[in-house]
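> Handing you a structure now.
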Amino acid sequence: MSAQKIIPARHWGQRLVAVFLIAIVAFAIYMVATSRHISWSTIPQYIFDETILDGIRLTILFTVLSMVISIVAGAILATMRLASNPVLSSFASLYIWFFRGTPLLVQIIFWFNIQLFIPSIDLGFLQMDTNVVVTAFVAALLALSLNEAAYMAEIIRGGLLAIDDGQNEAAKALGYTPAQAMIRIIFPQALRVIIPPIGNQTISMLKTTSLVSVVAAQDLLTRAQNIYARNFLIIELLIVASLWYLLMTTIATALQYMIEQHFGRSSRQPVGSWRAALRVLRAEGTKG
Amino acid sequence: MNAPMNSRSKVVEAIDVHKSFGPLEVLKGINLAVRKGEVVCLLGPSGSGKSTFLRCINHLERMTQGRILVDGQLIGYHERGGALDEMSGRELAVQRRDIGMVFQRFNLFAHQNVLTNISQAPILNRGQSKDAAVARAKELLKMVDLEGREQAYPNQLSGGQQQRVAIARALAMDPKLMLFDEPTSALDPELVGEVLGVMRKLAADGMTMIVVTHEMAFARDVADRVVFMDQGVVVEEGPARDVIDNPQHERTRAFLKRMH
């Protein structure tokens with residue numbers, strides 16, 4: 001008897017949807033590419049424009065500074081939230097509630113207009129006009145950092161809580177001081193839990209910084225807007241900005257992957273780079 | 001004033017230890033003295049307070065009343081003007097360096113390999129050189145029959161192997177006293193023997209040990225003394241064979257009957 005051929009299920013529904021999707025995407029590409037209203041030739045002209053490059057520098061600066069500040073502030077808030085003193089933990093909860101509960105856009109505009117209710121800063125030895133201190137840059141950085149700190153606090157708290165209490169007890173029993181236990185035992189393990197979401201927040205922050213364009217903080221989007229306000233190449237400059245945002249997030253995603261591999265080391269068997277690469281291509285999540 | 005002459009040979013002295021969780025009193029005045037080199041097993045049904053009492057000895061649990069002395073030193077508190085002032089985390093850490101503890105669920109540091117698990121505490125907290133700590137760690141691994149597993153991570157080891165590493169880790173601090181909190185309860189039955197074997201070796205070497213366990217055969221063979229606890233009090237104590245083979249108290253009898 002000859003072996004019978006085995007034919008896997010054909011999934012006709014999926015095939016139909018796939019054809020439909022290809023048609024839509026092809027049509028969209030055709031529409032954009034053949035549009036007479038987009039002047040394609042101007043895009044290469046602006047992609048390395050000095051103003052745009054300056055904007056990119058500032059966008060990266062905003063991202064890095066606000067992430068660093070928010071991680072430090074978030075760690076402090078997370079520690080306060082876990083403290084036994086009710087005033088400390090309530091303060092942290094209130095902070096997180098407030099800064100997550102109001103729109104970031106509102107917070108940016110608020111910091112930019114702070115001089116309306118604090119016209120001047122008086123430290124006794126030093127008196128200054130608030131407008132001089134809180135420039136668009138400072139207002140934007142404050143808003144991004146303070147807002148992000150609230151999210152970071154929850155991420156870090158989650159990471160610390162994910163570590164089994166037995167780890168802390170074992171460290172105590174071996175005579176580690178509380179600081180040693182935190183630095184040597186708890187935090188390194190929490191880091192594995194904390195790093196993936198911090199990576200996601202950083203990638204998200206690269207794009208969120210574009211919100212500061214409402215106070216003309218000179219980031220990438222502000223610069224693109226400045227240019228198209230003069231020459232009306234609105235779509236073209238938005239494409240230029242989008243290309244740069246895509247490039248930055250792609251690089252950040254690759255960095256995130258490398259960092260996660262590094263920190264995932266001890267708890268999992270090392271993953272071969274080939275298998276890892278395949279997994280990225282298939283866009284699978286890492287299995288804990 | 002709390003170190004009378006006869007306490008010199010006592011490694012542990014617990015006096016009237018009480019502990020409550022909210023309205024629930026789990027320890028109702030425990031008294032216990034353990035001499036140098038003695039092996040004492042704490043027996044009793046779950047919920048009898050034996051683990052809680054053990055955890056009071058290195059102040060992982062804060063007692064509500066009473067005092068515990070290890071090597072004549074009051075654990076966890078400063079006595080000031082008739083009150084007991086709890087020590088800071090740093091002061092507690094110093095006291096705990098002399099008291100080894102082995103947990104039911106091993107609690108090896110998951111992000112460190114076996115060698116670091118064992119050698120880090122002596123380097124950090126005993127001022128040992130890295131070379132000395134590593135050499136000692138290897139010696140201890142040999143003692144617990146895990147030679148050559150220095151580079152393994154805890155999740156690559158069986159439960160029995162992890163528990164033996166945990167014992168080596170505690171011993172690396174050269175403790176005066178070892179506390180075992182149900183060290184074999186989380187193990188598959190076929191792995192219990194290898195851990196008890198290491199504990200027998202330790203006992204034979206003269207280590208002072210307090211062991212919370214349900215292993216009656218181990219208690220009978222290895223312990224100098226067993227203490228039977230139920231509902232937060234010591235019901236009966238005495239030489240291991242006497243208590244296990246010929247229990248005097250009704251509650252002890254009922255418990256032992258269930259264990260066999």
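In the structure tokens, each chain is lettered A, B, ... as it comes, each chain's residues begin at 1, and ligands are numbered from 1 in order of appearance.
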Give me the residues near region 227-236 of chain A as a ChimeraX atom specification, where near means some atom within 9 Å (using only C-alpha atoms) and where sequence neighbours in that chain fewer than 2 positions away do not count.
/A:37-40,42-43,46,51-52,222-225,238-241
> For the selection you just gave me, I'd like the residues written to a file as a PDB file, in the first residue's frame, keeping N, CA and C atoms.

```pdb
ATOM      1  N   HIS A  37       0.546  65.822  -5.426  1.00  0.00           N
ATOM      2  CA  HIS A  37       0.589  66.832  -4.375  1.00  0.00           C
ATOM      3  C   HIS A  37       1.777  66.649  -3.453  1.00  0.00           C
ATOM      4  N   ILE A  38       2.513  65.542  -3.625  1.00  0.00           N
ATOM      5  CA  ILE A  38       3.721  65.360  -2.813  1.00  0.00           C
ATOM      6  C   ILE A  38       4.928  65.576  -3.714  1.00  0.00           C
ATOM      7  N   SER A  39       5.755  66.494  -3.291  1.00  0.00           N
ATOM      8  CA  SER A  39       6.938  66.777  -4.106  1.00  0.00           C
ATOM      9  C   SER A  39       8.091  65.939  -3.567  1.00  0.00           C
ATOM     10  N   TRP A  40       8.215  64.723  -4.134  1.00  0.00           N
ATOM     11  CA  TRP A  40       9.191  63.744  -3.631  1.00  0.00           C
ATOM     12  C   TRP A  40      10.613  64.246  -3.675  1.00  0.00           C
ATOM     13  N   THR A  42      11.849  66.960  -2.971  1.00  0.00           N
ATOM     14  CA  THR A  42      12.301  67.854  -1.902  1.00  0.00           C
ATOM     15  C   THR A  42      12.723  67.089  -0.645  1.00  0.00           C
ATOM     16  N   ILE A  43      12.268  65.815  -0.570  1.00  0.00           N
ATOM     17  CA  ILE A  43      12.562  65.066   0.667  1.00  0.00           C
ATOM     18  C   ILE A  43      14.060  64.849   0.881  1.00  0.00           C
ATOM     19  N   TYR A  46      15.806  67.838   2.309  1.00  0.00           N
ATOM     20  CA  TYR A  46      15.635  68.238   3.702  1.00  0.00           C
ATOM     21  C   TYR A  46      16.094  67.192   4.715  1.00  0.00           C
ATOM     22  N   THR A  51      19.033  72.186  10.088  1.00  0.00           N
ATOM     23  CA  THR A  51      17.989  72.450  11.088  1.00  0.00           C
ATOM     24  C   THR A  51      17.385  71.145  11.583  1.00  0.00           C
ATOM     25  N   ILE A  52      17.114  70.250  10.644  1.00  0.00           N
ATOM     26  CA  ILE A  52      16.550  68.946  11.012  1.00  0.00           C
ATOM     27  C   ILE A  52      17.523  68.169  11.898  1.00  0.00           C
ATOM     28  N   THR A 222       9.399  70.239  16.017  1.00  0.00           N
ATOM     29  CA  THR A 222       9.373  71.708  15.998  1.00  0.00           C
ATOM     30  C   THR A 222      10.136  72.241  14.772  1.00  0.00           C
ATOM     31  N   ARG A 223      11.300  71.645  14.532  1.00  0.00           N
ATOM     32  CA  ARG A 223      12.127  72.101  13.401  1.00  0.00           C
ATOM     33  C   ARG A 223      11.411  71.861  12.079  1.00  0.00           C
ATOM     34  N   ALA A 224      10.814  70.680  11.950  1.00  0.00           N
ATOM     35  CA  ALA A 224      10.084  70.383  10.713  1.00  0.00           C
ATOM     36  C   ALA A 224       8.948  71.384  10.534  1.00  0.00           C
ATOM     37  N   GLN A 225       8.252  71.671  11.620  1.00  0.00           N
ATOM     38  CA  GLN A 225       7.151  72.647  11.559  1.00  0.00           C
ATOM     39  C   GLN A 225       7.670  74.027  11.169  1.00  0.00           C
ATOM     40  N   LEU A 238       6.830  66.303   7.158  1.00  0.00           N
ATOM     41  CA  LEU A 238       6.361  65.282   8.111  1.00  0.00           C
ATOM     42  C   LEU A 238       6.930  63.915   7.746  1.00  0.00           C
ATOM     43  N   ILE A 239       7.071  63.675   6.425  1.00  0.00           N
ATOM     44  CA  ILE A 239       7.702  62.409   5.990  1.00  0.00           C
ATOM     45  C   ILE A 239       9.157  62.382   6.430  1.00  0.00           C
ATOM     46  N   VAL A 240       9.863  63.504   6.252  1.00  0.00           N
ATOM     47  CA  VAL A 240      11.260  63.580   6.696  1.00  0.00           C
ATOM     48  C   VAL A 240      11.356  63.269   8.191  1.00  0.00           C
ATOM     49  N   ALA A 241      10.512  63.912   8.998  1.00  0.00           N
ATOM     50  CA  ALA A 241      10.541  63.684  10.450  1.00  0.00           C
ATOM     51  C   ALA A 241      10.217  62.217  10.766  1.00  0.00           C
TER      52      ALA A 241
END
```
> With a distance cut-off of 9 Å and only C-alpha atoms, select the neighbouring residues of Ala139 (chain A), excluding the residue or stretch itself and same-chain residues fewer than 2 positions from it, and output the selection as JSON, numbers by chain.
{"A": [108, 109, 110, 111, 112, 113, 114, 134, 135, 136, 137, 141, 142, 143, 144, 212, 215, 217]}
> Kindly determine which residues of chain A lie within 8 Å of chain B, considering only C-alpha atoms, and give the answer as a PDB file with N, CA and C atoms, in the first residue's frame.

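Full text of out.pdb as output:
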```
ATOM      1  N   GLY A 166      12.027  35.171  49.750  1.00  0.00           N
ATOM      2  CA  GLY A 166      13.059  34.255  50.224  1.00  0.00           C
ATOM      3  C   GLY A 166      14.469  34.728  49.884  1.00  0.00           C
ATOM      4  N   GLN A 167      14.612  35.454  48.764  1.00  0.00           N
ATOM      5  CA  GLN A 167      15.931  35.966  48.380  1.00  0.00           C
ATOM      6  C   GLN A 167      16.416  36.974  49.411  1.00  0.00           C
ATOM      7  N   GLU A 169      15.337  37.196  52.533  1.00  0.00           N
ATOM      8  CA  GLU A 169      15.539  36.511  53.808  1.00  0.00           C
ATOM      9  C   GLU A 169      16.888  35.784  53.840  1.00  0.00           C
ATOM     10  N   ALA A 170      17.224  35.144  52.715  1.00  0.00           N
ATOM     11  CA  ALA A 170      18.506  34.437  52.658  1.00  0.00           C
ATOM     12  C   ALA A 170      19.650  35.429  52.811  1.00  0.00           C
ATOM     13  N   LYS A 172      19.553  38.345  54.334  1.00  0.00           N
ATOM     14  CA  LYS A 172      19.569  38.774  55.737  1.00  0.00           C
ATOM     15  C   LYS A 172      20.257  37.721  56.603  1.00  0.00           C
ATOM     16  N   ALA A 173      19.856  36.461  56.405  1.00  0.00           N
ATOM     17  CA  ALA A 173      20.383  35.390  57.242  1.00  0.00           C
ATOM     18  C   ALA A 173      21.892  35.244  57.083  1.00  0.00           C
ATOM     19  N   LEU A 174      22.416  35.638  55.902  1.00  0.00           N
ATOM     20  CA  LEU A 174      23.863  35.545  55.678  1.00  0.00           C
ATOM     21  C   LEU A 174      24.589  36.787  56.169  1.00  0.00           C
ATOM     22  N   GLY A 175      23.840  37.719  56.776  1.00  0.00           N
ATOM     23  CA  GLY A 175      24.481  38.895  57.345  1.00  0.00           C
ATOM     24  C   GLY A 175      24.689  40.034  56.373  1.00  0.00           C
ATOM     25  N   TYR A 176      23.944  40.040  55.257  1.00  0.00           N
ATOM     26  CA  TYR A 176      23.989  41.202  54.373  1.00  0.00           C
ATOM     27  C   TYR A 176      23.244  42.335  55.057  1.00  0.00           C
ATOM     28  N   THR A 177      23.792  43.548  54.983  1.00  0.00           N
ATOM     29  CA  THR A 177      23.049  44.700  55.486  1.00  0.00           C
ATOM     30  C   THR A 177      21.902  44.966  54.502  1.00  0.00           C
ATOM     31  N   PRO A 178      20.884  45.743  54.923  1.00  0.00           N
ATOM     32  CA  PRO A 178      19.777  46.014  54.000  1.00  0.00           C
ATOM     33  C   PRO A 178      20.259  46.608  52.676  1.00  0.00           C
ATOM     34  N   ILE A 185      21.614  41.565  45.757  1.00  0.00           N
ATOM     35  CA  ILE A 185      20.708  40.435  45.574  1.00  0.00           C
ATOM     36  C   ILE A 185      19.400  40.847  44.898  1.00  0.00           C
ATOM     37  N   PRO A 188      19.765  43.388  41.236  1.00  0.00           N
ATOM     38  CA  PRO A 188      20.196  42.717  40.001  1.00  0.00           C
ATOM     39  C   PRO A 188      19.128  41.772  39.440  1.00  0.00           C
ATOM     40  N   GLN A 189      18.348  41.150  40.333  1.00  0.00           N
ATOM     41  CA  GLN A 189      17.306  40.252  39.836  1.00  0.00           C
ATOM     42  C   GLN A 189      16.095  41.029  39.340  1.00  0.00           C
ATOM     43  N   SER A 266      21.573  34.853  33.188  1.00  0.00           N
ATOM     44  CA  SER A 266      21.730  33.928  34.301  1.00  0.00           C
ATOM     45  C   SER A 266      20.505  33.049  34.537  1.00  0.00           C
ATOM     46  N   SER A 267      19.317  33.544  34.174  1.00  0.00           N
ATOM     47  CA  SER A 267      18.143  32.766  34.543  1.00  0.00           C
ATOM     48  C   SER A 267      17.779  31.751  33.472  1.00  0.00           C
TER      49      SER A 267
END
```
> In terms of the shortest atom-to-atom distance over only C-alpha atoms, which of B:Asp131, B:Val165, B:Tyr77, B:Val17 is closest to Ile118 (chain B)?
B:Val165
> Any idea what's packed within 12 Å of Leu43 (chain B), counting only C-alpha atoms, ignoring anything in its chain fewer than 5 positions away? Could you give it as a PyMOL selection string?
chain B and resi 48-51+53-54+181-182+210-220+223+225-238+240+243-244+251-252+255-256+259
> Please report, as a PyMOL selection string, each residue of region 66-264 of chain A to which DSSP assigns helix (DSSP H, G or I) when run on this structure's backbone.
chain A and resi 66-82+86-101+104-112+114-116+130-133+136-161+165-173+178-215+220-231+234-264
> Which residues come within 7 Å of Asp71 (chain B), counting only C-alpha atoms, excluding same-chain residues fewer than 3 positions away, as a list in words?
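Once the nearby chain positions are removed, what remains is Lys10, Val11 and Val12 of chain B.
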> Could you pull out the strand (DSSP E or B) residues of region 26-145 of chain B, going by DSSP on the backbone, and write them as an MDAnalysis selection string?
chainID B and resid 26:35 39:43 65:70 73:74 77:80 83:86 99:102
> With only C-alpha atoms as the counted atoms, please give the residues lying no more than 12 Å from Val72 (chain A), apart from itself and same-chain residues fewer than 2 positions off, as a ChimeraX atom specification.
/A:65-70,74-79,145-146,148-150,152-153,156
